[in-house]
file entry10.txt (compact mmCIF, C-alpha atoms and all ligand atoms)
# COMPACT_ATOMS: atom_id res chain seq x y z
CA MET A 1 -1.44 -11.91 24.10
CA SER A 2 -4.23 -12.76 26.49
CA LYS A 3 -6.37 -15.91 26.09
CA GLY A 4 -4.76 -16.50 22.65
CA LYS A 5 -6.19 -13.23 21.33
CA VAL A 6 -4.22 -10.45 19.67
CA ARG A 7 -5.18 -7.23 21.47
CA ILE A 8 -5.43 -4.35 19.02
CA GLY A 9 -5.39 -0.55 19.05
CA ILE A 10 -6.39 1.36 15.90
CA VAL A 11 -5.04 4.82 15.04
CA GLY A 12 -7.50 6.95 13.04
CA SER A 13 -11.27 6.88 12.72
CA GLY A 14 -12.00 7.40 9.01
CA GLY A 15 -12.96 5.00 6.23
CA MET A 16 -10.17 2.44 6.62
CA ALA A 17 -10.30 2.56 10.44
CA ASN A 18 -13.98 1.56 10.19
CA ASN A 19 -13.16 -1.20 7.66
CA ASN A 20 -10.34 -2.63 9.74
CA ALA A 21 -12.38 -2.39 12.98
CA ARG A 22 -15.12 -4.45 11.29
CA ASN A 23 -12.62 -7.06 10.04
CA ILE A 24 -10.95 -7.29 13.47
CA ALA A 25 -14.33 -7.65 15.21
CA HIS A 26 -15.12 -10.62 12.91
CA ASN A 27 -11.87 -12.39 13.73
CA ASN A 28 -12.11 -14.64 16.81
CA ALA A 29 -8.36 -14.42 17.31
CA ALA A 30 -8.47 -10.65 17.87
CA GLU A 31 -9.85 -8.21 20.37
CA LEU A 32 -10.26 -4.50 19.58
CA VAL A 33 -9.18 -2.79 22.80
CA ALA A 34 -8.61 0.89 21.93
CA ILE A 35 -9.05 3.58 19.28
CA ALA A 36 -6.77 6.63 19.16
CA SER A 37 -8.03 9.52 17.08
CA ARG A 38 -7.30 13.23 16.86
CA ASN A 39 -10.89 13.58 15.67
CA ILE A 40 -12.77 13.26 18.96
CA GLU A 41 -16.22 12.92 17.42
CA THR A 42 -15.51 10.14 14.89
CA GLY A 43 -12.98 8.52 17.25
CA SER A 44 -15.29 8.24 20.24
CA ASN A 45 -18.17 7.04 18.02
CA LEU A 46 -16.00 4.27 16.57
CA ALA A 47 -14.75 3.28 20.04
CA LYS A 48 -18.33 3.17 21.37
CA GLN A 49 -19.44 0.98 18.47
CA TYR A 50 -16.87 -1.70 19.40
CA ASN A 51 -16.88 -1.18 23.16
CA ALA A 52 -13.23 -0.05 22.98
CA HIS A 53 -11.36 2.65 24.94
CA PHE A 54 -11.13 6.02 23.21
CA MET A 55 -7.83 7.90 23.41
CA PRO A 56 -7.18 11.29 21.80
CA ASN A 57 -3.42 10.69 21.60
CA TRP A 58 -1.83 7.77 19.68
CA HIS A 59 1.53 8.26 21.48
CA GLU A 60 -0.16 7.24 24.72
CA MET A 61 -2.06 4.37 23.13
CA VAL A 62 1.02 2.65 21.69
CA GLN A 63 2.55 2.54 25.20
CA ARG A 64 -0.34 0.52 26.64
CA LYS A 65 0.76 -2.82 28.08
CA ASP A 66 -2.60 -4.42 27.27
CA LEU A 67 -2.03 -4.09 23.49
CA ASP A 68 -0.13 -6.49 21.21
CA GLY A 69 -0.67 -4.79 17.87
CA ILE A 70 -1.37 -1.38 16.32
CA VAL A 71 -3.34 -0.80 13.12
CA VAL A 72 -2.40 2.47 11.40
CA CYS A 73 -5.26 4.08 9.44
CA THR A 74 -4.25 7.74 9.24
CA ALA A 75 -3.33 9.79 6.16
CA ASN A 76 -0.13 8.93 4.24
CA ASP A 77 2.11 11.57 5.82
CA SER A 78 1.83 10.09 9.33
CA HIS A 79 2.13 6.30 8.73
CA SER A 80 5.87 5.91 9.32
CA GLU A 81 5.93 8.04 12.47
CA ILE A 82 3.19 5.90 14.02
CA ILE A 83 4.77 2.62 12.79
CA ILE A 84 8.16 3.55 14.27
CA GLY A 85 6.53 4.84 17.50
CA SER A 86 4.58 1.57 17.88
CA LEU A 87 7.60 -0.66 17.22
CA GLU A 88 9.51 1.29 19.85
CA TYR A 89 7.01 -0.10 22.37
CA ASN A 90 7.33 -3.63 20.91
CA LYS A 91 3.98 -3.67 19.16
CA HIS A 92 3.24 -5.62 15.99
CA VAL A 93 2.04 -3.24 13.27
CA PHE A 94 -0.43 -3.38 10.41
CA THR A 95 -0.42 -0.20 8.36
CA GLU A 96 -2.53 1.08 5.54
CA TYR A 97 -0.39 1.79 2.46
CA PRO A 98 1.98 3.45 1.71
CA LEU A 99 4.63 2.31 4.18
CA ALA A 100 6.07 5.83 4.47
CA ARG A 101 6.09 9.27 2.87
CA SER A 102 9.91 9.32 2.93
CA LEU A 103 12.39 6.62 1.98
CA GLU A 104 14.51 7.25 5.08
CA GLU A 105 11.55 6.65 7.40
CA GLY A 106 10.48 3.59 5.40
CA LYS A 107 13.94 2.08 5.88
CA ILE A 108 13.91 2.88 9.62
CA ALA A 109 10.47 1.24 9.98
CA VAL A 110 11.53 -2.00 8.24
CA LYS A 111 14.82 -2.17 10.17
CA ALA A 112 12.99 -1.56 13.47
CA ALA A 113 10.52 -4.41 12.76
CA ILE A 114 13.42 -6.77 12.05
CA SER A 115 15.46 -5.77 15.10
CA LYS A 116 12.43 -5.81 17.44
CA LYS A 117 11.24 -9.15 15.96
CA ARG A 118 7.75 -7.80 15.37
CA VAL A 119 5.36 -8.47 12.48
CA LEU A 120 5.06 -5.38 10.28
CA ARG A 121 2.66 -5.81 7.34
CA VAL A 122 1.48 -3.19 4.87
CA SER A 123 -2.10 -3.46 3.65
CA HIS A 124 -1.37 -4.50 0.07
CA ASN A 125 -4.22 -6.87 -0.69
CA GLU A 126 -3.43 -7.50 -4.36
CA PRO A 127 -0.14 -9.44 -3.92
CA VAL A 128 -1.70 -11.82 -1.39
CA SER A 129 -4.77 -12.41 -3.58
CA GLU A 130 -5.49 -15.67 -5.36
CA LYS A 131 -5.60 -13.77 -8.68
CA HIS A 132 -2.05 -12.48 -8.20
CA GLN A 133 -0.76 -15.98 -7.41
CA ALA A 134 -2.39 -17.30 -10.61
CA ILE A 135 -0.73 -14.51 -12.66
CA ARG A 136 2.62 -15.30 -11.04
CA GLN A 137 2.30 -18.97 -12.03
CA GLU A 138 1.64 -18.01 -15.67
CA ILE A 139 4.58 -15.59 -15.74
CA GLU A 140 6.97 -18.35 -14.66
CA HIS A 141 6.42 -20.03 -18.09
CA LEU A 142 6.48 -16.94 -20.29
CA GLY A 143 10.20 -16.11 -20.43
CA GLN A 144 11.68 -12.64 -20.37
CA LEU A 145 9.65 -9.48 -19.65
CA LEU A 146 9.63 -6.84 -22.38
CA VAL A 147 7.23 -4.35 -20.81
CA ALA A 148 4.76 -4.25 -17.91
CA SER A 149 2.41 -1.35 -18.59
CA PHE A 150 -0.40 0.02 -16.46
CA ILE A 151 -2.80 2.91 -17.18
CA ARG A 152 -5.42 4.30 -14.81
CA LEU A 153 -7.94 7.09 -15.17
CA THR A 154 -9.35 8.31 -11.83
CA PRO A 155 -12.66 10.17 -11.67
CA GLY A 156 -13.38 13.08 -9.31
CA ARG A 157 -17.07 12.99 -10.38
CA GLY A 158 -17.43 16.70 -9.77
CA ALA A 159 -15.46 17.03 -6.52
CA ARG A 160 -11.84 17.12 -5.43
CA PRO A 161 -10.92 14.29 -3.01
CA GLU A 162 -9.30 16.77 -0.57
CA ILE A 163 -6.87 14.46 1.21
CA LEU A 164 -5.97 12.39 -1.86
CA PHE A 165 -5.42 15.19 -4.38
CA ASN A 166 -2.90 16.87 -2.07
CA LEU A 167 0.80 16.59 -2.82
CA GLN A 168 1.93 17.36 0.74
CA ILE A 169 -0.37 14.96 2.61
CA SER A 170 -0.72 12.07 0.18
CA GLY A 171 2.28 12.53 -2.09
CA PRO A 172 1.99 12.43 -5.87
CA PRO A 173 -0.41 9.92 -7.49
CA ALA A 174 2.61 7.65 -8.16
CA HIS A 175 2.89 7.37 -4.36
CA PHE A 176 -0.74 7.14 -3.20
CA PHE A 177 -1.40 4.62 -6.01
CA ILE A 178 1.45 2.51 -4.61
CA TYR A 179 -0.90 -0.50 -4.75
CA HIS A 180 -0.42 -0.44 -8.54
CA ILE A 181 3.38 -0.47 -8.17
CA TYR A 182 3.79 -3.14 -5.47
CA PRO A 183 2.24 -6.05 -7.46
CA ILE A 184 4.39 -5.29 -10.52
CA VAL A 185 7.57 -5.06 -8.44
CA ASP A 186 6.48 -8.28 -6.73
CA LEU A 187 6.11 -10.04 -10.11
CA PHE A 188 9.14 -8.65 -11.96
CA GLY A 189 11.64 -7.79 -9.21
CA GLN A 190 13.55 -4.69 -8.21
CA ALA A 191 13.97 -1.68 -10.48
CA LYS A 192 17.42 -0.23 -11.17
CA TRP A 193 16.42 3.24 -12.39
CA VAL A 194 13.36 5.46 -12.56
CA GLU A 195 12.21 8.31 -14.82
CA ALA A 196 9.01 10.28 -14.28
CA ASN A 197 6.85 13.21 -15.31
CA GLY A 198 4.05 15.01 -13.50
CA ILE A 199 1.52 17.68 -14.44
CA TYR A 200 -0.87 19.20 -11.87
CA ASN A 201 -3.51 21.68 -13.01
CA ASN A 202 -4.62 24.46 -10.62
CA LEU A 203 -2.08 23.45 -8.00
CA ASN A 204 -2.42 25.79 -5.00
CA ASP A 205 -0.10 26.64 -2.08
CA SER A 206 -1.62 24.01 0.19
CA GLY A 207 -0.70 21.26 -2.31
CA SER A 208 -4.23 20.65 -3.73
CA TYR A 209 -4.87 20.34 -7.46
CA ASP A 210 -7.79 19.71 -9.82
CA GLN A 211 -6.31 17.45 -12.50
CA PHE A 212 -3.17 15.40 -12.79
CA VAL A 213 -1.08 13.11 -14.89
CA ASN A 214 1.86 11.16 -13.52
CA SER A 215 3.94 8.86 -15.69
CA VAL A 216 6.66 6.64 -14.26
CA THR A 217 9.09 4.39 -16.15
CA VAL A 218 11.52 1.94 -14.55
CA GLY A 219 14.16 -0.43 -15.88
CA PHE A 220 14.09 -3.75 -13.99
CA GLU A 221 17.30 -5.37 -12.72
CA ASN A 222 16.17 -8.58 -14.49
CA GLY A 223 15.48 -6.82 -17.79
CA GLY A 224 12.37 -5.22 -19.24
CA ILE A 225 10.63 -1.92 -18.65
CA GLY A 226 7.83 -1.04 -16.23
CA HIS A 227 5.56 1.83 -17.18
CA TRP A 228 2.67 3.39 -15.26
CA ILE A 229 0.39 6.29 -16.21
CA TRP A 230 -2.11 7.72 -13.75
CA SER A 231 -4.41 10.51 -14.79
CA GLY A 232 -7.48 11.99 -13.17
CA GLY A 233 -9.47 15.04 -12.28
CA ILE A 234 -12.60 16.59 -10.87
CA GLU A 235 -14.51 16.51 -14.14
CA ILE A 236 -13.71 12.90 -15.06
CA GLN A 237 -16.77 10.74 -14.53
CA SER A 238 -15.70 7.10 -14.76
CA ALA A 239 -12.72 4.99 -13.76
CA GLU A 240 -10.68 2.97 -16.23
CA GLN A 241 -7.63 0.80 -15.90
CA HIS A 242 -5.58 -1.41 -18.21
CA HIS A 243 -2.70 -3.81 -17.58
CA ARG A 244 -0.43 -5.36 -20.24
CA TYR A 245 2.48 -7.59 -19.22
CA VAL A 246 4.30 -8.43 -22.45
CA LEU A 247 6.77 -11.34 -22.16
CA ASP A 248 8.68 -13.48 -24.73
CA LYS A 249 6.04 -16.18 -24.99
CA GLY A 250 2.80 -14.39 -24.18
CA THR A 251 0.98 -11.29 -22.95
CA ILE A 252 -1.09 -10.96 -19.80
CA ILE A 253 -4.02 -8.61 -20.26
CA ASN A 254 -6.61 -6.97 -18.03
CA SER A 255 -8.87 -4.08 -18.96
CA GLY A 256 -10.98 -3.90 -15.83
CA ALA A 257 -12.72 -7.28 -15.94
CA GLU A 258 -11.04 -10.70 -16.11
CA TRP A 259 -7.33 -11.43 -16.48
CA GLN A 260 -6.39 -13.16 -19.72
CA LEU A 261 -3.33 -14.75 -21.27
CA SER A 262 -2.68 -14.26 -24.97
CA THR A 263 -0.23 -16.73 -26.61
CA LYS A 264 0.20 -18.28 -30.05
CA SER A 265 -2.43 -20.87 -28.94
CA GLY A 266 -5.07 -18.12 -28.49
CA LEU A 267 -6.68 -16.23 -25.62
CA GLU A 268 -7.46 -17.94 -22.31
CA SER A 269 -8.72 -16.79 -18.88
CA ILE A 270 -6.40 -16.84 -15.91
CA THR A 271 -8.23 -18.76 -13.22
CA PRO A 272 -7.46 -17.92 -9.60
CA THR A 273 -6.79 -20.67 -7.09
CA SER A 274 -8.57 -20.78 -3.70
CA VAL A 275 -8.96 -17.81 -1.30
CA GLN A 276 -6.90 -18.14 1.89
CA TYR A 277 -7.72 -15.07 3.98
CA PRO A 278 -10.84 -12.86 4.03
CA SER A 279 -8.69 -9.71 4.38
CA VAL A 280 -5.02 -8.69 4.73
CA VAL A 281 -5.59 -7.78 8.37
CA ASP A 282 -6.65 -11.42 8.99
CA LEU A 283 -3.40 -12.56 7.37
CA TRP A 284 -1.43 -10.21 9.66
CA LEU A 285 -3.30 -11.46 12.76
CA ASN A 286 -2.41 -15.01 11.78
CA GLU A 287 1.25 -14.06 11.32
CA VAL A 288 1.24 -12.42 14.78
CA LEU A 289 -0.32 -15.50 16.41
CA ASP A 290 2.15 -17.85 14.67
CA ASN A 291 5.05 -15.45 15.26
CA ASN A 292 5.66 -15.78 11.52
CA LEU A 293 8.16 -12.98 11.05
CA ALA A 294 9.57 -14.27 7.77
CA SER A 295 6.65 -13.72 5.39
CA ALA A 296 5.80 -10.29 6.81
CA GLN A 297 9.46 -9.27 6.51
CA ILE A 298 9.43 -10.21 2.83
CA ASP A 299 6.24 -8.13 2.43
CA ALA A 300 7.65 -5.13 4.28
CA THR A 301 10.85 -5.25 2.20
CA LYS A 302 8.82 -5.33 -1.03
CA ALA A 303 6.62 -2.49 0.26
CA LEU A 304 9.88 -0.57 0.74
CA ASP A 305 11.01 -1.48 -2.81
CA ALA A 306 7.66 -0.17 -4.09
CA ILE A 307 8.03 3.21 -2.33
CA ARG A 308 11.61 3.43 -3.61
CA VAL A 309 9.99 3.63 -7.05
CA SER A 310 7.23 6.11 -6.12
CA LEU A 311 9.40 8.41 -3.99
CA LEU A 312 12.37 8.40 -6.35
CA ALA A 313 9.85 9.04 -9.16
CA GLU A 314 8.76 12.13 -7.20
CA GLU A 315 12.42 13.22 -7.15
CA ALA A 316 12.82 12.38 -10.87
CA MET A 317 9.72 14.52 -11.67
CA LYS A 318 11.14 17.48 -9.76
CA GLU A 319 14.66 17.17 -11.17
CA ASN A 320 13.64 16.03 -14.65
CA ARG A 321 16.29 13.31 -14.82
CA ARG A 322 16.76 9.54 -14.58
CA ILE A 323 17.47 8.44 -10.99
CA PRO A 324 19.42 5.24 -10.28
CA ILE A 325 17.97 3.07 -7.48
CA HIS A 326 20.34 1.67 -4.85
CA TYR A 327 19.47 -1.14 -2.43
CA SER A 328 22.67 -1.45 -0.41
CA ASP A 329 21.47 0.59 2.58
N1 LIG A 401 -6.40 -0.69 1.90
C1 LIG A 401 -7.23 -0.02 1.11
O1 LIG A 401 -7.97 -0.58 0.29
C2 LIG A 401 -7.31 1.48 1.23
C3 LIG A 401 -8.35 2.17 0.66
C4 LIG A 401 -8.41 3.54 0.84
C5 LIG A 401 -7.39 4.18 1.54
N2 LIG A 401 -6.35 3.48 2.06
C6 LIG A 401 -5.29 4.13 2.85
O2 LIG A 401 -5.78 4.22 4.18
C7 LIG A 401 -5.35 5.44 4.81
C8 LIG A 401 -6.55 6.14 5.42
O3 LIG A 401 -7.49 6.39 4.39
P1 LIG A 401 -9.01 6.72 4.74
O4 LIG A 401 -9.74 6.59 3.45
O5 LIG A 401 -9.45 5.93 5.93
O6 LIG A 401 -8.87 8.27 5.13
P2 LIG A 401 -9.89 9.14 6.02
O7 LIG A 401 -11.27 8.62 5.88
O8 LIG A 401 -9.58 10.55 5.66
O9 LIG A 401 -9.41 8.86 7.52
C9 LIG A 401 -8.16 9.24 7.98
C10 LIG A 401 -8.17 9.24 9.50
O10 LIG A 401 -6.86 9.49 9.96
C11 LIG A 401 -6.87 10.69 10.78
N3 LIG A 401 -5.59 11.36 10.55
C12 LIG A 401 -5.13 11.85 9.37
N4 LIG A 401 -3.89 12.36 9.55
C13 LIG A 401 -3.58 12.19 10.86
C14 LIG A 401 -2.44 12.50 11.65
N5 LIG A 401 -1.38 13.12 11.13
N6 LIG A 401 -2.46 12.16 12.96
C15 LIG A 401 -3.53 11.56 13.51
N7 LIG A 401 -4.65 11.25 12.82
C16 LIG A 401 -4.66 11.54 11.50
C17 LIG A 401 -8.08 11.47 10.31
O11 LIG A 401 -8.48 12.37 11.31
P3 LIG A 401 -9.33 13.70 10.96
O12 LIG A 401 -10.76 13.27 10.84
O13 LIG A 401 -9.06 14.59 12.11
O14 LIG A 401 -8.76 14.22 9.65
C18 LIG A 401 -9.06 10.32 10.08
O15 LIG A 401 -9.57 9.84 11.29
C19 LIG A 401 -4.63 6.25 3.72
O16 LIG A 401 -3.26 6.18 3.93
C20 LIG A 401 -5.00 5.57 2.42
O17 LIG A 401 -3.93 5.57 1.49
C21 LIG A 401 -6.31 2.15 1.94
call {"tool": "encode", "arguments": {"input": "entry10.txt", "output": "structure tokens"}}
result
Amino acid sequence: MSKGKVRIGIVGSGGMANNNARNIAHNNAAELVAIASRNIETGSNLAKQYNAHFMPNWHEMVQRKDLDGIVVCTANDSHSEIIIGSLEYNKHVFTEYPLARSLEEGKIAVKAAISKKRVLRVSHNEPVSEKHQAIRQEIEHLGQLLVASFIRLTPGRGARPEILFNLQISGPPAHFFIYHIYPIVDLFGQAKWVEANGIYNNLNDSGSYDQFVNSVTVGFENGGIGHWIWSGGIEIQSAEQHHRYVLDKGTIINSGAEWQLSTKSGLESITPTSVQYPSVVDLWLNEVLDNNLASAQIDATKALDAIRVSLLAEEAMKENRRIPIHYSD
């Protein structure tokens, strides 16, 4: 680190690369030094905007001695390769979710961060939010979980999101919607088995489809069932999502607006406590500056637990059977 600033290189130059570049530029503890992008046009434009070096090859960027951290903003199928490649050169890593497209690579990434003593954080903003902490506090008093259920309807509004609705690049919806799995695993613990179903309409050879439904069910080690349904398609016009966490002494509810707690005393709002960080990348920068490996390691391990669910669900969909989840390795 030079002059107390974390020197950053970003990989990718799409939507999230632009978002993260903006957040990094607003953080006085960071300096955006380089952008690596296979897309020369968007990559060099982004680099110019922040007065950073443009590099067409991320392999070369992660070897730079004037960088402390790498921010991975590419599509899902390349995250783990870039994370592992960056850790090899002793860089701290912030990656857009999901951690990896394969469980093996996810495990290698987390192990490499631990052995290299580097801060690896996945961009899951929900679990570090004030709202999530308030929900966690309520759950502590509600006894045993019966079911945590989540339903989402995703609109295409007339077009296919080409990268997202692609099984090969993004994985199934259960995987690219990992940010709906992580918070539930964070609240209710590890799952011991997974069952899943998937339907894709007009699936073509390149992995694209027009409509989908994915349903995933897990049994938690601590008891209770987790259940997610994602559905969506080109012709669907508006988004919808519903959470229900049913526990012995109350139910936590959200249907797109505020979070509420329903108990025998009635219905009350769940009020978030104060906001600590403007974005997850700011949290990561702080962890890098403080050399706070512990909290990022907990996050990376939970991000791995979350993809255990989504990737084993993919296997369960293909094989049409319940898959046990093992944590020993
Ligand atoms: N944290 C959040 O709230 C949030 C929100 C949306 C998405 N995401 C995640 O962020 C990631 C990026 O999403 P996005 O919306 O920014 O996508 P995007 O706009 O399509 O940008 C992706 C960028 O990565 C590049 N890229 C893709 N695959 C690559 C590879 N194998 N090697 C090198 N470069 C590659 C693309 O280059 P080309 O232009 O050449 O294709 C493009 O510059 C995804 O993993 C997504 O799940 C996070």
call {"tool": "closest_residue", "arguments": {"input": "entry10.txt", "among": "A:Leu187, A:Val194, A:Val288, A:Ile199", "to": "Glu138 of chain A", "atoms": "only C-alpha atoms"}}
result
A:Leu187
call {"tool": "closest_residue", "arguments": {"input": "entry10.txt", "among": "A:Glu130, A:Glu162, A:Glu140, A:Glu41", "to": "Ala75 of chain A", "atoms": "all atoms listed in the file"}}
result
A:Glu162
call {"tool": "residues_near_ligand", "arguments": {"input": "entry10.txt", "ligand": "ligand LIG 401 (chain A)", "cutoff": "6 Å", "atoms": "only C-alpha atoms and all ligand atoms", "output": "list in words"}}
result
Gly12, Ser13, Gly14, Gly15, Met16, Ala17, Ser37, Arg38, Asn39, Cys73, Thr74, Ala75, Asn76, Ser78, Glu96, Tyr97, Ser123 and Phe176 of chain A
call {"tool": "closest_residue", "arguments": {"input": "entry10.txt", "among": "A:Ile323, A:Val246, A:Ile10, A:Ile151", "to": "Val71 of chain A", "atoms": "all atoms listed in the file"}}
result
A:Ile10
call {"tool": "residues_around", "arguments": {"input": "entry10.txt", "residues": "segment 118-122 of chain A", "least_positions_apart": "2", "cutoff": "10 Å", "atoms": "all atoms listed in the file", "output": "tab-separated table (two decimals) with C-alpha atoms, in the coordinates of the input"}}
result
chain	number	residue	atom	x	y	z
A	68	ASP	CA	-0.13	-6.49	21.21
A	69	GLY	CA	-0.67	-4.79	17.87
A	70	ILE	CA	-1.37	-1.38	16.32
A	71	VAL	CA	-3.34	-0.80	13.12
A	72	VAL	CA	-2.40	2.47	11.40
A	83	ILE	CA	4.77	2.62	12.79
A	87	LEU	CA	7.60	-0.66	17.22
A	90	ASN	CA	7.33	-3.63	20.91
A	91	LYS	CA	3.98	-3.67	19.16
A	92	HIS	CA	3.24	-5.62	15.99
A	93	VAL	CA	2.04	-3.24	13.27
A	94	PHE	CA	-0.43	-3.38	10.41
A	95	THR	CA	-0.42	-0.20	8.36
A	96	GLU	CA	-2.53	1.08	5.54
A	97	TYR	CA	-0.39	1.79	2.46
A	98	PRO	CA	1.98	3.45	1.71
A	99	LEU	CA	4.63	2.31	4.18
A	109	ALA	CA	10.47	1.24	9.98
A	110	VAL	CA	11.53	-2.00	8.24
A	112	ALA	CA	12.99	-1.56	13.47
A	113	ALA	CA	10.52	-4.41	12.76
A	114	ILE	CA	13.42	-6.77	12.05
A	115	SER	CA	15.46	-5.77	15.10
A	116	LYS	CA	12.43	-5.81	17.44
A	124	HIS	CA	-1.37	-4.50	0.07
A	125	ASN	CA	-4.22	-6.87	-0.69
A	280	VAL	CA	-5.02	-8.69	4.73
A	281	VAL	CA	-5.59	-7.78	8.37
A	283	LEU	CA	-3.40	-12.56	7.37
A	284	TRP	CA	-1.43	-10.21	9.66
A	285	LEU	CA	-3.30	-11.46	12.76
A	287	GLU	CA	1.25	-14.06	11.32
A	288	VAL	CA	1.24	-12.42	14.78
A	289	LEU	CA	-0.32	-15.50	16.41
A	291	ASN	CA	5.05	-15.45	15.26
A	292	ASN	CA	5.66	-15.78	11.52
A	293	LEU	CA	8.16	-12.98	11.05
A	294	ALA	CA	9.57	-14.27	7.77
A	295	SER	CA	6.65	-13.72	5.39
A	296	ALA	CA	5.80	-10.29	6.81
A	297	GLN	CA	9.46	-9.27	6.51
A	298	ILE	CA	9.43	-10.21	2.83
A	299	ASP	CA	6.24	-8.13	2.43
A	300	ALA	CA	7.65	-5.13	4.28
A	301	THR	CA	10.85	-5.25	2.20
A	302	LYS	CA	8.82	-5.33	-1.03
A	303	ALA	CA	6.62	-2.49	0.26
A	304	LEU	CA	9.88	-0.57	0.74
call {"tool": "atom_distance", "arguments": {"input": "entry10.txt", "atom1": "atom CA of Asn51 of chain A", "atom2": "atom CA of Asp282 of chain A"}}
result
20.3 Å
call {"tool": "closest_atom_pairs", "arguments": {"input": "entry10.txt", "of": "segment 93-199 of chain A", "to": "segment 210-214 of chain A", "cutoff": "10 Å", "atoms": "only C-alpha atoms", "output": "CSV"}}
result
residue,atom,partner,partner_atom,distance
A:Arg152,CA,A:Val213,CA,9.8
A:Leu153,CA,A:Val213,CA,9.1
A:Thr154,CA,A:Phe212,CA,9.5
A:Pro155,CA,A:Gln211,CA,9.7
A:Gly156,CA,A:Asp210,CA,8.7
A:Ala159,CA,A:Asp210,CA,8.8
A:Arg160,CA,A:Asp210,CA,6.5
A:Pro161,CA,A:Asp210,CA,9.2
A:Glu162,CA,A:Asp210,CA,9.8
A:Phe165,CA,A:Asp210,CA,7.5
A:Asn166,CA,A:Asp210,CA,9.6
A:Pro172,CA,A:Asn214,CA,7.8
A:Pro173,CA,A:Asn214,CA,6.6
A:Ala174,CA,A:Asn214,CA,6.5
A:His175,CA,A:Asn214,CA,10.0
A:Ala196,CA,A:Asn214,CA,7.2
A:Asn197,CA,A:Asn214,CA,5.7
A:Gly198,CA,A:Asn214,CA,4.4
A:Ile199,CA,A:Val213,CA,5.3
call {"tool": "closest_residue", "arguments": {"input": "entry10.txt", "among": "A:Arg22, A:Gly106, A:Ser265, A:Tyr50", "to": "Ile84 of chain A", "atoms": "all atoms listed in the file"}}
result
A:Gly106
call {"tool": "atom_distance", "arguments": {"input": "entry10.txt", "atom1": "atom CA of Val309 of chain A", "atom2": "atom CA of Lys107 of chain A"}}
result
13.6 Å
call {"tool": "atom_distance", "arguments": {"input": "entry10.txt", "atom1": "atom CA of Ser215 of chain A", "atom2": "atom CA of Asn202 of chain A"}}
result
18.5 Å
call {"tool": "residues_near_point", "arguments": {"input": "entry10.txt", "point": "(-6.1, -14.8, -19.1)", "cutoff": "6 Å", "atoms": "all atoms listed in the file", "output": "VMD selection string"}}
result
chain A and resid 259 to 261 268 to 270
call {"tool": "closest_residue", "arguments": {"input": "entry10.txt", "among": "A:Ile236, A:Glu126, A:Glu88, A:Lys117", "to": "Ile178 of chain A", "atoms": "only C-alpha atoms"}}
result
A:Glu126
call {"tool": "residues_around", "arguments": {"input": "entry10.txt", "residues": "Thr217 of chain A", "least_positions_apart": "3", "cutoff": "7 Å", "atoms": "all atoms listed in the file", "output": "JSON, numbers by chain"}}
result
{"A": [194, 195, 196, 225, 226, 227, 228]}
call {"tool": "closest_residue", "arguments": {"input": "entry10.txt", "among": "A:Gln144, A:Ser208, A:Ser129, A:Ser102", "to": "Ile307 of chain A", "atoms": "only C-alpha atoms"}}
result
A:Ser102
